[in-house]
file work30.cif (mmCIF, C-alpha atoms and all ligand atoms)
data_final
#
loop_
_atom_site.label_atom_id
_atom_site.label_comp_id
_atom_site.auth_asym_id
_atom_site.auth_seq_id
_atom_site.Cartn_x
_atom_site.Cartn_y
_atom_site.Cartn_z
CA MET A 900 -103.72 33.44 -46.81
CA SER A 901 -102.43 31.25 -49.61
CA GLY A 902 -104.55 28.14 -49.95
CA VAL A 903 -103.14 24.96 -51.39
CA VAL A 904 -99.33 24.74 -51.43
CA MET A 905 -97.92 21.77 -53.32
CA ASP A 906 -100.92 19.55 -52.82
CA LEU A 907 -101.18 20.47 -49.13
CA ASP A 908 -104.42 22.11 -48.05
CA VAL A 909 -102.87 24.52 -45.58
CA LYS A 910 -106.16 26.21 -44.78
CA LYS A 911 -107.63 22.90 -43.68
CA ILE A 912 -104.46 21.88 -41.83
CA ARG A 913 -104.51 25.17 -39.90
CA GLN A 914 -107.93 24.27 -38.52
CA ASP A 915 -106.25 21.42 -36.65
CA PHE A 916 -104.10 23.90 -34.68
CA PRO A 917 -106.28 26.24 -32.58
CA ASN A 918 -103.12 27.97 -31.32
CA LEU A 919 -102.57 29.40 -34.81
CA HIS A 920 -105.78 31.39 -34.48
CA VAL A 921 -104.99 33.53 -31.43
CA SER A 922 -104.40 37.29 -31.63
CA VAL A 923 -101.31 39.10 -30.43
CA HIS A 924 -101.53 42.87 -29.95
CA GLY A 925 -104.86 42.74 -31.76
CA LYS A 926 -103.34 41.11 -34.84
CA PRO A 927 -103.60 37.53 -36.04
CA LEU A 928 -100.60 35.64 -34.73
CA VAL A 929 -97.84 34.63 -37.12
CA TYR A 930 -95.95 31.79 -35.46
CA PHE A 931 -92.41 31.46 -36.75
CA ASP A 932 -90.77 29.86 -33.72
CA ASN A 933 -91.24 26.26 -34.74
CA ALA A 934 -87.62 25.28 -34.15
CA ALA A 935 -88.10 26.14 -30.48
CA THR A 936 -91.34 24.20 -30.25
CA THR A 937 -94.09 23.36 -32.68
CA PHE A 938 -97.78 23.88 -32.08
CA LYS A 939 -99.84 20.80 -31.26
CA PRO A 940 -102.79 19.60 -33.30
CA ARG A 941 -106.07 19.10 -31.45
CA VAL A 942 -105.75 15.30 -31.60
CA VAL A 943 -102.69 15.46 -29.33
CA TRP A 944 -104.36 17.03 -26.36
CA GLU A 945 -107.57 15.11 -27.00
CA ALA A 946 -105.54 11.92 -26.59
CA MET A 947 -104.00 13.26 -23.38
CA ASP A 948 -107.39 14.44 -22.15
CA GLY A 949 -108.86 11.03 -22.87
CA TYR A 950 -106.21 9.47 -20.65
CA TYR A 951 -106.75 11.95 -17.81
CA GLN A 952 -110.52 11.79 -17.97
CA LYS A 953 -111.12 8.12 -18.64
CA TYR A 954 -108.20 5.91 -17.63
CA ALA A 955 -105.61 7.98 -15.72
CA SER A 956 -103.54 5.36 -14.02
CA ASN A 957 -99.96 4.25 -13.54
CA VAL A 958 -98.35 1.93 -16.08
CA HIS A 959 -96.74 -1.50 -15.76
CA ARG A 960 -97.86 -1.75 -12.13
CA GLY A 961 -101.43 -2.81 -11.73
CA ILE A 962 -103.57 -5.55 -13.10
CA HIS A 963 -106.67 -3.45 -12.70
CA GLU A 964 -108.55 -2.40 -15.82
CA LEU A 965 -107.40 1.22 -15.93
CA SER A 966 -103.74 0.44 -15.42
CA GLU A 967 -103.89 -2.15 -18.16
CA LYS A 968 -105.51 0.36 -20.48
CA ALA A 969 -102.91 3.00 -19.66
CA THR A 970 -100.09 0.49 -20.16
CA ALA A 971 -101.51 -0.59 -23.50
CA ALA A 972 -101.76 3.03 -24.71
CA TYR A 973 -98.25 3.82 -23.43
CA GLU A 974 -96.77 0.76 -25.11
CA ALA A 975 -98.74 1.43 -28.29
CA THR A 976 -96.76 4.67 -28.66
CA ARG A 977 -93.54 2.71 -28.37
CA GLY A 978 -94.70 0.62 -31.31
CA LYS A 979 -95.61 3.77 -33.25
CA VAL A 980 -92.16 5.27 -32.62
CA GLN A 981 -90.53 2.01 -33.70
CA LYS A 982 -92.41 2.13 -37.02
CA PHE A 983 -91.90 5.87 -37.36
CA LEU A 984 -88.11 5.45 -37.10
CA ASN A 985 -88.10 2.01 -38.75
CA ALA A 986 -86.27 0.54 -35.76
CA ARG A 987 -85.82 -3.22 -35.79
CA ASP A 988 -87.45 -3.74 -32.41
CA SER A 989 -89.67 -1.73 -30.08
CA LYS A 990 -87.28 -2.46 -27.19
CA GLU A 991 -84.80 -0.16 -28.94
CA ILE A 992 -87.12 2.78 -28.16
CA ILE A 993 -86.50 4.41 -24.77
CA PHE A 994 -88.77 7.17 -23.54
CA THR A 995 -86.92 10.11 -22.00
CA ARG A 996 -87.76 13.73 -21.21
CA GLY A 997 -86.39 14.93 -24.55
CA THR A 998 -83.33 15.21 -26.76
CA THR A 999 -81.24 16.68 -23.95
CA GLU A 1000 -81.94 13.79 -21.62
CA SER A 1001 -81.41 11.24 -24.40
CA ILE A 1002 -77.94 12.61 -25.17
CA ASN A 1003 -77.09 12.78 -21.46
CA LEU A 1004 -78.21 9.16 -21.10
CA VAL A 1005 -75.71 8.05 -23.73
CA ALA A 1006 -72.93 10.23 -22.32
CA TYR A 1007 -73.56 8.96 -18.81
CA SER A 1008 -74.24 5.31 -19.46
CA TYR A 1009 -72.22 4.51 -22.60
CA GLY A 1010 -69.61 7.23 -22.15
CA ARG A 1011 -68.76 6.68 -18.50
CA HIS A 1012 -68.67 2.94 -18.90
CA PHE A 1013 -66.95 2.41 -22.23
CA LEU A 1014 -64.85 5.51 -22.95
CA LYS A 1015 -61.49 6.14 -21.37
CA ASP A 1016 -58.58 8.53 -21.11
CA GLY A 1017 -57.38 9.69 -24.55
CA ASP A 1018 -60.46 8.49 -26.47
CA GLU A 1019 -61.79 11.12 -28.84
CA ILE A 1020 -65.36 12.31 -29.20
CA LEU A 1021 -66.17 14.16 -32.39
CA ILE A 1022 -68.90 16.78 -32.62
CA SER A 1023 -69.37 19.80 -34.90
CA GLU A 1024 -69.18 23.55 -34.58
CA MET A 1025 -72.94 23.80 -35.23
CA GLU A 1026 -74.15 21.66 -32.32
CA HIS A 1027 -76.86 22.74 -29.94
CA HIS A 1028 -75.45 23.14 -26.42
CA SER A 1029 -77.19 19.90 -25.47
CA ASN A 1030 -74.82 18.07 -27.82
CA ILE A 1031 -71.75 19.87 -26.50
CA VAL A 1032 -71.99 20.17 -22.73
CA PRO A 1033 -72.70 16.48 -21.85
CA TRP A 1034 -69.55 15.51 -23.80
CA GLN A 1035 -67.49 18.21 -22.12
CA MET A 1036 -68.64 16.92 -18.74
CA LEU A 1037 -67.69 13.40 -19.78
CA CYS A 1038 -64.28 14.53 -21.07
CA GLU A 1039 -63.59 16.29 -17.79
CA GLU A 1040 -64.41 13.17 -15.85
CA LYS A 1041 -62.83 10.51 -18.04
CA GLY A 1042 -60.00 12.35 -19.75
CA CYS A 1043 -61.51 11.99 -23.22
CA ILE A 1044 -60.77 14.61 -25.85
CA LEU A 1045 -63.45 16.61 -27.64
CA LYS A 1046 -62.76 17.39 -31.32
CA VAL A 1047 -64.85 19.79 -33.35
CA ILE A 1048 -65.63 19.67 -37.09
CA PRO A 1049 -65.69 23.27 -38.40
CA PHE A 1050 -68.18 24.68 -40.92
CA ASN A 1051 -67.66 27.20 -43.71
CA ASP A 1052 -69.33 30.61 -44.05
CA GLN A 1053 -72.29 29.05 -45.89
CA GLY A 1054 -72.89 27.00 -42.77
CA GLU A 1055 -71.84 23.69 -44.34
CA LEU A 1056 -69.59 21.25 -42.51
CA ILE A 1057 -66.13 21.12 -44.05
CA TYR A 1058 -66.16 17.47 -45.06
CA GLU A 1059 -62.39 17.21 -45.55
CA GLU A 1060 -61.93 18.45 -41.99
CA PHE A 1061 -64.36 15.79 -40.79
CA GLU A 1062 -62.32 13.14 -42.61
CA ARG A 1063 -59.12 14.53 -41.16
CA LEU A 1064 -60.45 14.59 -37.60
CA LEU A 1065 -61.91 11.10 -37.83
CA THR A 1066 -59.10 8.79 -36.70
CA ALA A 1067 -58.65 5.45 -35.00
CA LYS A 1068 -58.85 7.39 -31.72
CA THR A 1069 -62.39 8.58 -32.48
CA LYS A 1070 -64.76 6.45 -30.45
CA LEU A 1071 -67.93 8.43 -30.90
CA LEU A 1072 -69.30 10.89 -33.44
CA SER A 1073 -72.26 12.88 -32.08
CA ILE A 1074 -73.72 14.97 -34.84
CA VAL A 1075 -76.72 17.19 -35.44
CA TYR A 1076 -78.89 16.15 -38.41
CA ILE A 1077 -80.41 19.61 -39.01
CA SER A 1078 -78.96 22.70 -37.38
CA ASN A 1079 -81.49 24.72 -35.40
CA SER A 1080 -79.71 28.03 -35.96
CA LEU A 1081 -78.53 27.62 -39.58
CA GLY A 1082 -81.00 25.16 -41.06
CA THR A 1083 -78.13 23.12 -42.53
CA ILE A 1084 -79.01 19.51 -43.30
CA ASN A 1085 -75.88 17.49 -42.66
CA PRO A 1086 -74.93 14.44 -44.78
CA VAL A 1087 -75.35 12.17 -41.77
CA LYS A 1088 -75.72 8.91 -43.69
CA LYS A 1089 -72.37 9.41 -45.40
CA MET A 1090 -70.77 10.52 -42.13
CA ILE A 1091 -72.09 7.47 -40.28
CA LYS A 1092 -70.61 5.18 -42.92
CA ALA A 1093 -67.24 6.93 -42.65
CA ALA A 1094 -67.32 6.82 -38.83
CA HIS A 1095 -68.18 3.12 -38.79
CA ALA A 1096 -65.33 2.41 -41.19
CA ARG A 1097 -63.06 3.90 -38.50
CA GLY A 1098 -64.71 1.89 -35.75
CA ALA A 1099 -66.56 4.83 -34.14
CA LEU A 1100 -70.16 4.79 -32.97
CA VAL A 1101 -72.55 7.54 -34.05
CA LEU A 1102 -75.27 9.42 -32.21
CA VAL A 1103 -77.59 11.57 -34.34
CA ASP A 1104 -79.30 14.57 -32.78
CA ALA A 1105 -82.53 14.49 -34.78
CA ALA A 1106 -84.37 17.15 -32.74
CA GLN A 1107 -84.88 19.35 -35.82
CA ALA A 1108 -85.22 16.51 -38.30
CA VAL A 1109 -88.11 14.30 -37.17
CA GLY A 1110 -90.82 16.91 -37.76
CA HIS A 1111 -89.64 17.76 -41.25
CA ARG A 1112 -88.43 14.63 -43.02
CA ARG A 1113 -88.61 10.89 -42.81
CA VAL A 1114 -85.90 9.49 -40.53
CA ASP A 1115 -85.07 5.82 -40.94
CA VAL A 1116 -82.58 4.52 -38.38
CA GLN A 1117 -81.86 1.31 -40.30
CA ASP A 1118 -81.20 3.20 -43.50
CA LEU A 1119 -78.96 5.68 -41.66
CA ASP A 1120 -77.41 2.85 -39.64
CA CYS A 1121 -76.89 5.22 -36.69
CA ASP A 1122 -76.14 3.65 -33.32
CA PHE A 1123 -78.16 6.16 -31.29
CA LEU A 1124 -80.69 8.81 -32.26
CA ALA A 1125 -82.35 11.41 -30.06
CA PHE A 1126 -85.44 13.59 -30.48
CA SER A 1127 -88.01 15.56 -28.48
CA GLY A 1128 -91.79 15.15 -28.71
CA HIS A 1129 -92.48 18.87 -28.53
CA LYS A 1130 -90.65 19.60 -31.79
CA LEU A 1131 -92.72 16.88 -33.48
CA PHE A 1132 -96.12 18.48 -32.79
CA GLY A 1133 -96.33 16.51 -29.55
CA PRO A 1134 -96.24 17.47 -25.87
CA THR A 1135 -93.31 18.80 -23.85
CA GLY A 1136 -91.68 16.55 -21.27
CA VAL A 1137 -91.28 13.50 -23.48
CA GLY A 1138 -88.65 12.43 -25.97
CA VAL A 1139 -86.99 9.37 -27.37
CA LEU A 1140 -83.64 7.71 -27.41
CA TYR A 1141 -83.27 5.09 -30.11
CA GLY A 1142 -80.32 2.75 -29.62
CA LYS A 1143 -79.24 -0.48 -31.27
CA ALA A 1144 -80.29 -3.30 -28.95
CA GLU A 1145 -76.82 -4.84 -28.76
CA LEU A 1146 -75.44 -1.54 -27.44
CA LEU A 1147 -78.31 -0.75 -25.07
CA ASN A 1148 -78.04 -4.27 -23.66
CA LYS A 1149 -74.38 -3.71 -22.79
CA MET A 1150 -74.94 -0.33 -21.19
CA PRO A 1151 -75.58 0.13 -17.46
CA PRO A 1152 -78.78 1.90 -16.33
CA PHE A 1153 -78.93 5.68 -16.25
CA HIS A 1154 -81.28 6.15 -13.30
CA GLY A 1155 -82.11 3.67 -10.55
CA GLY A 1156 -85.56 3.17 -9.05
CA GLY A 1157 -88.89 1.53 -9.65
CA ASP A 1158 -89.78 -0.14 -12.93
CA MET A 1159 -86.17 -0.65 -14.05
CA ILE A 1160 -85.43 -3.68 -11.90
CA SER A 1161 -85.87 -7.39 -12.21
CA SER A 1162 -85.36 -8.10 -8.48
CA VAL A 1163 -84.13 -6.11 -5.51
CA THR A 1164 -82.50 -7.34 -2.31
CA PHE A 1165 -80.12 -5.42 -0.07
CA GLU A 1166 -77.36 -7.70 -1.27
CA LYS A 1167 -77.95 -7.44 -5.00
CA THR A 1168 -80.28 -5.87 -7.50
CA THR A 1169 -80.74 -7.13 -11.02
CA TYR A 1170 -82.07 -4.96 -13.79
CA ALA A 1171 -85.04 -5.27 -16.06
CA ALA A 1172 -84.64 -6.08 -19.74
CA LEU A 1173 -84.85 -3.42 -22.45
CA PRO A 1174 -86.41 -0.94 -22.72
CA TYR A 1175 -87.42 -0.76 -19.05
CA LYS A 1176 -83.83 -0.81 -17.78
CA PHE A 1177 -83.65 2.81 -18.90
CA GLU A 1178 -87.10 3.95 -17.75
CA ALA A 1179 -86.86 4.30 -13.99
CA GLY A 1180 -89.82 5.72 -12.08
CA THR A 1181 -93.27 6.73 -13.24
CA PRO A 1182 -92.96 8.00 -16.79
CA ALA A 1183 -94.82 10.88 -18.45
CA VAL A 1184 -97.75 8.64 -19.35
CA ALA A 1185 -100.09 11.27 -20.80
CA GLU A 1186 -97.25 12.84 -22.77
CA VAL A 1187 -96.18 9.52 -24.25
CA ILE A 1188 -99.79 8.92 -25.31
CA GLY A 1189 -99.88 12.44 -26.79
CA LEU A 1190 -96.67 11.72 -28.70
CA GLY A 1191 -98.35 8.69 -30.25
CA ALA A 1192 -101.20 10.90 -31.47
CA ALA A 1193 -98.68 13.43 -32.84
CA ILE A 1194 -96.92 10.72 -34.85
CA ASP A 1195 -100.24 9.52 -36.27
CA TYR A 1196 -101.03 13.10 -37.22
CA VAL A 1197 -97.70 13.83 -38.94
CA LEU A 1198 -97.89 10.59 -40.89
CA SER A 1199 -101.42 11.45 -42.00
CA VAL A 1200 -100.09 14.72 -43.47
CA GLY A 1201 -97.15 12.84 -45.00
CA PHE A 1202 -93.48 13.74 -45.19
CA GLU A 1203 -93.43 14.14 -48.96
CA ARG A 1204 -96.00 16.89 -48.72
CA ILE A 1205 -94.41 18.40 -45.61
CA GLU A 1206 -90.98 18.59 -47.27
CA ALA A 1207 -92.33 19.99 -50.53
CA CYS A 1208 -94.35 22.63 -48.71
CA GLU A 1209 -91.52 23.68 -46.38
CA GLN A 1210 -89.00 23.83 -49.22
CA SER A 1211 -91.28 26.14 -51.20
CA LEU A 1212 -91.75 28.32 -48.09
CA LEU A 1213 -87.97 28.41 -47.63
CA GLU A 1214 -87.41 29.51 -51.23
CA TYR A 1215 -90.14 32.12 -50.99
CA GLY A 1216 -88.85 33.40 -47.64
CA THR A 1217 -85.23 33.54 -48.78
CA ARG A 1218 -86.24 35.73 -51.72
CA ALA A 1219 -88.74 37.84 -49.79
CA LEU A 1220 -86.32 38.76 -47.00
CA GLN A 1221 -83.95 40.26 -49.57
CA LYS A 1222 -86.46 43.13 -49.86
CA VAL A 1223 -85.36 44.35 -46.43
CA PRO A 1224 -82.43 46.76 -46.95
CA GLY A 1225 -79.21 45.46 -45.40
CA LEU A 1226 -80.66 42.17 -44.16
CA LYS A 1227 -78.08 39.39 -44.14
CA LEU A 1228 -79.05 35.74 -43.95
CA ILE A 1229 -76.92 33.58 -41.70
CA GLY A 1230 -76.75 30.07 -43.11
CA ALA A 1231 -76.90 29.43 -46.84
CA ALA A 1232 -76.23 25.70 -47.09
CA ARG A 1233 -77.22 24.00 -50.34
CA GLU A 1234 -79.10 21.39 -48.31
CA LYS A 1235 -81.19 23.49 -45.98
CA ALA A 1236 -84.36 23.20 -43.90
CA ALA A 1237 -86.88 26.04 -43.51
CA VAL A 1238 -84.91 28.10 -41.01
CA LEU A 1239 -84.27 31.77 -41.80
CA SER A 1240 -81.66 33.19 -39.43
CA PHE A 1241 -80.70 36.77 -40.15
CA ILE A 1242 -79.12 39.95 -38.91
CA LEU A 1243 -79.92 43.56 -39.67
CA PRO A 1244 -76.64 45.44 -39.22
CA GLY A 1245 -77.05 48.23 -36.68
CA VAL A 1246 -80.17 46.75 -35.08
CA HIS A 1247 -79.97 44.47 -32.06
CA PRO A 1248 -81.92 41.23 -32.61
CA HIS A 1249 -83.84 41.83 -29.38
CA ASP A 1250 -85.13 45.13 -30.79
CA ILE A 1251 -86.15 43.28 -33.95
CA GLY A 1252 -87.92 40.62 -31.89
CA THR A 1253 -89.75 43.23 -29.82
CA LEU A 1254 -90.87 45.30 -32.81
CA VAL A 1255 -92.09 42.35 -34.86
CA ASN A 1256 -93.88 41.03 -31.76
CA ASP A 1257 -95.82 44.31 -31.75
CA GLU A 1258 -97.04 43.24 -35.21
CA GLY A 1259 -98.19 39.88 -33.84
CA ILE A 1260 -95.22 37.93 -35.20
CA ALA A 1261 -93.34 35.41 -33.07
CA ILE A 1262 -89.72 34.92 -34.10
CA ARG A 1263 -86.79 33.87 -31.97
CA THR A 1264 -83.91 36.18 -31.13
CA GLY A 1265 -80.76 35.16 -29.30
CA HIS A 1266 -78.00 32.60 -29.64
CA HIS A 1267 -80.45 29.68 -30.02
CA CYS A 1268 -78.32 27.58 -27.63
CA THR A 1269 -75.58 27.56 -30.28
CA GLN A 1270 -73.06 30.11 -29.01
CA PRO A 1271 -70.20 28.65 -31.11
CA VAL A 1272 -72.28 29.35 -34.26
CA MET A 1273 -72.70 32.98 -33.17
CA LYS A 1274 -68.96 33.19 -32.50
CA HIS A 1275 -68.22 31.88 -36.00
CA PHE A 1276 -70.18 34.74 -37.54
CA GLY A 1277 -68.95 37.31 -35.02
CA VAL A 1278 -72.44 38.19 -33.77
CA PRO A 1279 -73.94 37.91 -30.28
CA ALA A 1280 -77.31 36.77 -31.59
CA THR A 1281 -79.48 36.41 -34.67
CA SER A 1282 -83.18 36.69 -35.40
CA ARG A 1283 -84.68 33.43 -36.56
CA ALA A 1284 -87.89 32.61 -38.37
CA SER A 1285 -88.33 28.85 -38.37
CA LEU A 1286 -91.19 27.62 -40.51
CA SER A 1287 -93.47 24.65 -40.52
CA PHE A 1288 -95.93 23.21 -43.04
CA TYR A 1289 -98.82 25.12 -41.44
CA ASN A 1290 -97.17 28.45 -42.27
CA THR A 1291 -97.99 30.42 -45.41
CA THR A 1292 -96.37 32.81 -47.87
CA ALA A 1293 -98.82 35.49 -46.69
CA GLU A 1294 -97.32 35.18 -43.22
CA ILE A 1295 -93.84 35.61 -44.69
CA ASP A 1296 -95.08 38.79 -46.40
CA ARG A 1297 -96.22 40.06 -43.01
CA LEU A 1298 -92.76 39.42 -41.56
CA VAL A 1299 -91.17 41.34 -44.43
CA GLU A 1300 -93.56 44.28 -43.86
CA ALA A 1301 -92.76 44.25 -40.14
CA LEU A 1302 -89.01 44.22 -40.87
CA LEU A 1303 -89.42 47.15 -43.25
CA LYS A 1304 -91.03 49.00 -40.33
CA VAL A 1305 -88.07 48.06 -38.13
CA ARG A 1306 -85.84 49.59 -40.80
CA GLU A 1307 -87.87 52.82 -40.56
CA VAL A 1308 -87.34 52.94 -36.79
CA PHE A 1309 -83.63 52.09 -37.14
CA PRO A 1310 -82.67 53.54 -40.55
N1 LIG B 1 -80.74 19.67 -30.46
C1 LIG B 1 -81.23 20.56 -31.32
C2 LIG B 1 -80.69 20.63 -32.72
C3 LIG B 1 -82.21 21.45 -30.90
O1 LIG B 1 -82.70 22.36 -31.76
C4 LIG B 1 -82.68 21.37 -29.57
C5 LIG B 1 -83.68 22.34 -29.08
O2 LIG B 1 -83.83 23.41 -29.61
C6 LIG B 1 -82.16 20.40 -28.73
C7 LIG B 1 -81.18 19.56 -29.22
C8 LIG B 1 -82.63 20.24 -27.32
O3 LIG B 1 -83.95 19.82 -27.29
P1 LIG B 1 -84.75 19.74 -25.92
O4 LIG B 1 -84.59 21.09 -25.26
O5 LIG B 1 -86.15 19.45 -26.32
O6 LIG B 1 -84.14 18.65 -25.11
#
call {"tool": "encode", "arguments": {"input": "work30.cif", "output": "structure tokens"}}
result
Amino acid sequence: MSGVVMDLDVKKIRQDFPNLHVSVHGKPLVYFDNAATTFKPRVVWEAMDGYYQKYASNVHRGIHELSEKATAAYEATRGKVQKFLNARDSKEIIFTRGTTESINLVAYSYGRHFLKDGDEILISEMEHHSNIVPWQMLCEEKGCILKVIPFNDQGELIYEEFERLLTAKTKLLSIVYISNSLGTINPVKKMIKAAHARGALVLVDAAQAVGHRRVDVQDLDCDFLAFSGHKLFGPTGVGVLYGKAELLNKMPPFHGGGDMISSVTFEKTTYAALPYKFEAGTPAVAEVIGLGAAIDYVLSVGFERIEACEQSLLEYGTRALQKVPGLKLIGAAREKAAVLSFILPGVHPHDIGTLVNDEGIAIRTGHHCTQPVMKHFGVPATSRASLSFYNTTAEIDRLVEALLKVREVFP
């Protein structure tokens, strides 16, 4: 196992993730499915355990000691997310179940209320299905038109096409920051500026960004931003929608129920102020607390070191995979995150996934919830190794060895 990579003591870091030390088929696990979900450092479930063992209680509802403690811990995470994203105000941070729910919230609440027949919504060809389907549902209901920015064979958005498609009719640009199936890092800051100049709002799908680079919503000037806790070394079942307060204030609630009201009578209900207007019902308290611990952990590692480490793994992996005869990488953007999607002509990705699993290596095979990306390249699926800062070059070598064995089985 390689030790220190770019000032990052990977060996020490790996001790924080017990999941990295399990065996699969009698071999030490290599976990290369980080784009699907990351492993969680010990501090995350210790924080959740602490809640369940010592102060498990509902939030915002009781004045008893435990409820106050739970509320304080829950709200402390909101403050951490605010700082993490550099949002102006903690009320701009809404807890959801994840990226998918955050995007659906905007489509349902903003889209249904403010968009109308003939308005255009702009997305890209490399979106995850969760940034396609909610807009299609909205278009069907409201008569809006969905426009799609194409990408080239390197997996880079064709910027001139973006500029051409961005018109006075465009009311919303909803764009992925980092593609989960190609690794492409999109020039979102520049795109947001261009969209604003045309009067369009922008939602950024930051699901694959927040665990790998610093994301600053004021610097980006995005109107909405969505991410999931479980791709940021935190628990499943919790995510975030950031929205500018002036927009969130104008938007109607998404779900109705407890906690999101100011007063209820049978004649008229008034809604709570931000952020509670969008947090109906008992939230995922333990998960929110776990997300807070995950953010503390990531910041303690530091994004400079994370980015440097992952970029060197990407370079190493890109070179190393070339040793496998016939292997073709899918996605070769100049600005790219540590995602290695590939095909081996003549071998179905599911066979690749099964055979490398026999060697203890977890990669993802399939369409990665990006069927239009697969269509672009004329393949039903790819194999994908998605790396994180706790991975090593030695693990990449093991993947290459396993793929060479696959080549022996399917010459
Ligand atoms: N957007 C991107 C780019 C993703 O990679 C994913 C998940 O893989 C999602 C959205 C959806 O995230 P979730 O399933 O956590 O809601």
call {"tool": "closest_atom_pairs", "arguments": {"input": "work30.cif", "of": "chain A", "to": "ligand LIG 1 (chain B)", "cutoff": "9 Å", "atoms": "all atoms listed in the file", "output": "CSV"}}
result
residue,atom,partner,partner_atom,distance
A:Ala934,CA,B:LIG1,O1,6.2
A:Ala935,CA,B:LIG1,O2,5.1
A:Thr936,CA,B:LIG1,O2,7.6
A:Arg996,CA,B:LIG1,O6,7.2
A:Gly997,CA,B:LIG1,O6,4.4
A:Thr998,CA,B:LIG1,O6,3.9
A:Thr999,CA,B:LIG1,O6,3.7
A:Glu1000,CA,B:LIG1,O6,6.4
A:Ser1001,CA,B:LIG1,O6,7.9
A:Ile1002,CA,B:LIG1,O6,8.7
A:Met1025,CA,B:LIG1,C2,8.7
A:Glu1026,CA,B:LIG1,C2,6.6
A:His1027,CA,B:LIG1,N1,5.0
A:His1028,CA,B:LIG1,C7,7.3
A:Ser1029,CA,B:LIG1,C7,5.5
A:Asn1030,CA,B:LIG1,N1,6.7
A:Val1075,CA,B:LIG1,C2,5.9
A:Tyr1076,CA,B:LIG1,C2,7.5
A:Ile1077,CA,B:LIG1,C2,6.4
A:Ser1078,CA,B:LIG1,C2,5.4
A:Asn1079,CA,B:LIG1,O1,4.5
A:Ser1080,CA,B:LIG1,O1,7.7
A:Asp1104,CA,B:LIG1,N1,5.8
A:Ala1105,CA,B:LIG1,C2,6.7
A:Ala1106,CA,B:LIG1,C1,4.8
A:Gln1107,CA,B:LIG1,C2,5.4
A:Ala1108,CA,B:LIG1,C2,8.3
A:Ala1125,CA,B:LIG1,C7,8.3
A:Phe1126,CA,B:LIG1,O3,7.2
A:Ser1127,CA,B:LIG1,O5,4.8
A:Gly1128,CA,B:LIG1,O5,7.5
A:His1129,CA,B:LIG1,O5,6.7
A:Lys1130,CA,B:LIG1,O5,7.1
A:Thr1135,CA,B:LIG1,O5,7.6
A:Gly1136,CA,B:LIG1,O5,8.0
A:Val1137,CA,B:LIG1,O5,8.4
A:Gly1138,CA,B:LIG1,O5,7.5
A:His1267,CA,B:LIG1,O2,7.1
A:Cys1268,CA,B:LIG1,O2,7.2
A:Thr1269,CA,B:LIG1,O1,8.9
call {"tool": "residues_around", "arguments": {"input": "work30.cif", "residues": "Ala1232 (chain A)", "least_positions_apart": "3", "cutoff": "10 Å", "atoms": "all atoms listed in the file", "output": "JSON, numbers by chain"}}
result
{"A": [1051, 1052, 1053, 1054, 1055, 1056, 1081, 1082, 1083, 1084, 1085, 1229, 1235, 1236]}
call {"tool": "write_last_selection", "arguments": {"input": "work30.cif", "atoms": "C-alpha atoms", "output": "compact mmCIF listing (two decimals), in the frame of the given file"}}
result
# COMPACT_ATOMS: atom_id res chain seq x y z
CA ASN A 1051 -67.66 27.20 -43.71
CA ASP A 1052 -69.33 30.61 -44.05
CA GLN A 1053 -72.29 29.05 -45.89
CA GLY A 1054 -72.89 27.00 -42.77
CA GLU A 1055 -71.84 23.69 -44.34
CA LEU A 1056 -69.59 21.25 -42.51
CA LEU A 1081 -78.53 27.62 -39.58
CA GLY A 1082 -81.00 25.16 -41.06
CA THR A 1083 -78.13 23.12 -42.53
CA ILE A 1084 -79.01 19.51 -43.30
CA ASN A 1085 -75.88 17.49 -42.66
CA ILE A 1229 -76.92 33.58 -41.70
CA LYS A 1235 -81.19 23.49 -45.98
CA ALA A 1236 -84.36 23.20 -43.90
call {"tool": "closest_residue", "arguments": {"input": "work30.cif", "among": "A:Lys1089, A:His1111, A:Lys953, A:His959", "to": "Ser1287 (chain A)", "atoms": "all atoms listed in the file"}}
result
A:His1111
call {"tool": "atom_distance", "arguments": {"input": "work30.cif", "atom1": "CA of Glu1214 (chain A)", "atom2": "CA of Glu1234 (chain A)"}}
result
12.0 Å
call {"tool": "residues_around", "arguments": {"input": "work30.cif", "residues": "region 968-980 of chain A", "least_positions_apart": "3", "cutoff": "9 Å", "atoms": "all atoms listed in the file", "output": "JSON, numbers by chain"}}
result
{"A": [950, 954, 955, 956, 957, 958, 959, 960, 963, 964, 965, 983, 984, 985, 986, 988, 989, 990, 992, 993, 994, 1139, 1184, 1185, 1187, 1188, 1189, 1190, 1191, 1192, 1194, 1195]}
call {"tool": "axis_aligned_box", "arguments": {"input": "work30.cif", "around": "region 1197-1212 of chain A", "padding_each_side": "6 Å", "output": "JSON"}}
result
{"center_x": -95.2, "center_y": 19.5, "center_z": -45.1, "size_x": 24.4, "size_y": 29.7, "size_z": 24.3}
call {"tool": "closest_residue", "arguments": {"input": "work30.cif", "among": "A:Val1163, A:Val1278, A:Leu1146, A:Cys1208", "to": "Arg1112 (chain A)", "atoms": "only C-alpha atoms"}}
result
A:Cys1208
call {"tool": "decode", "arguments": {"input": "work30.cif", "residues": "region 1070-1080 of chain A", "atoms": "C-alpha atoms", "output": "compact mmCIF listing (two decimals), in the first residue's frame"}}
result
# COMPACT_ATOMS: atom_id res chain seq x y z
CA LYS A 1070 -36.14 30.23 -17.16
CA LEU A 1071 -34.03 27.64 -15.42
CA LEU A 1072 -30.68 25.97 -16.02
CA SER A 1073 -30.25 22.78 -13.97
CA ILE A 1074 -26.75 21.49 -14.39
CA VAL A 1075 -24.52 18.80 -12.95
CA TYR A 1076 -21.26 20.08 -11.46
CA ILE A 1077 -19.33 16.79 -11.82
CA SER A 1078 -20.68 13.98 -13.96
CA ASN A 1079 -20.97 10.66 -12.12
CA SER A 1080 -20.44 8.56 -15.25
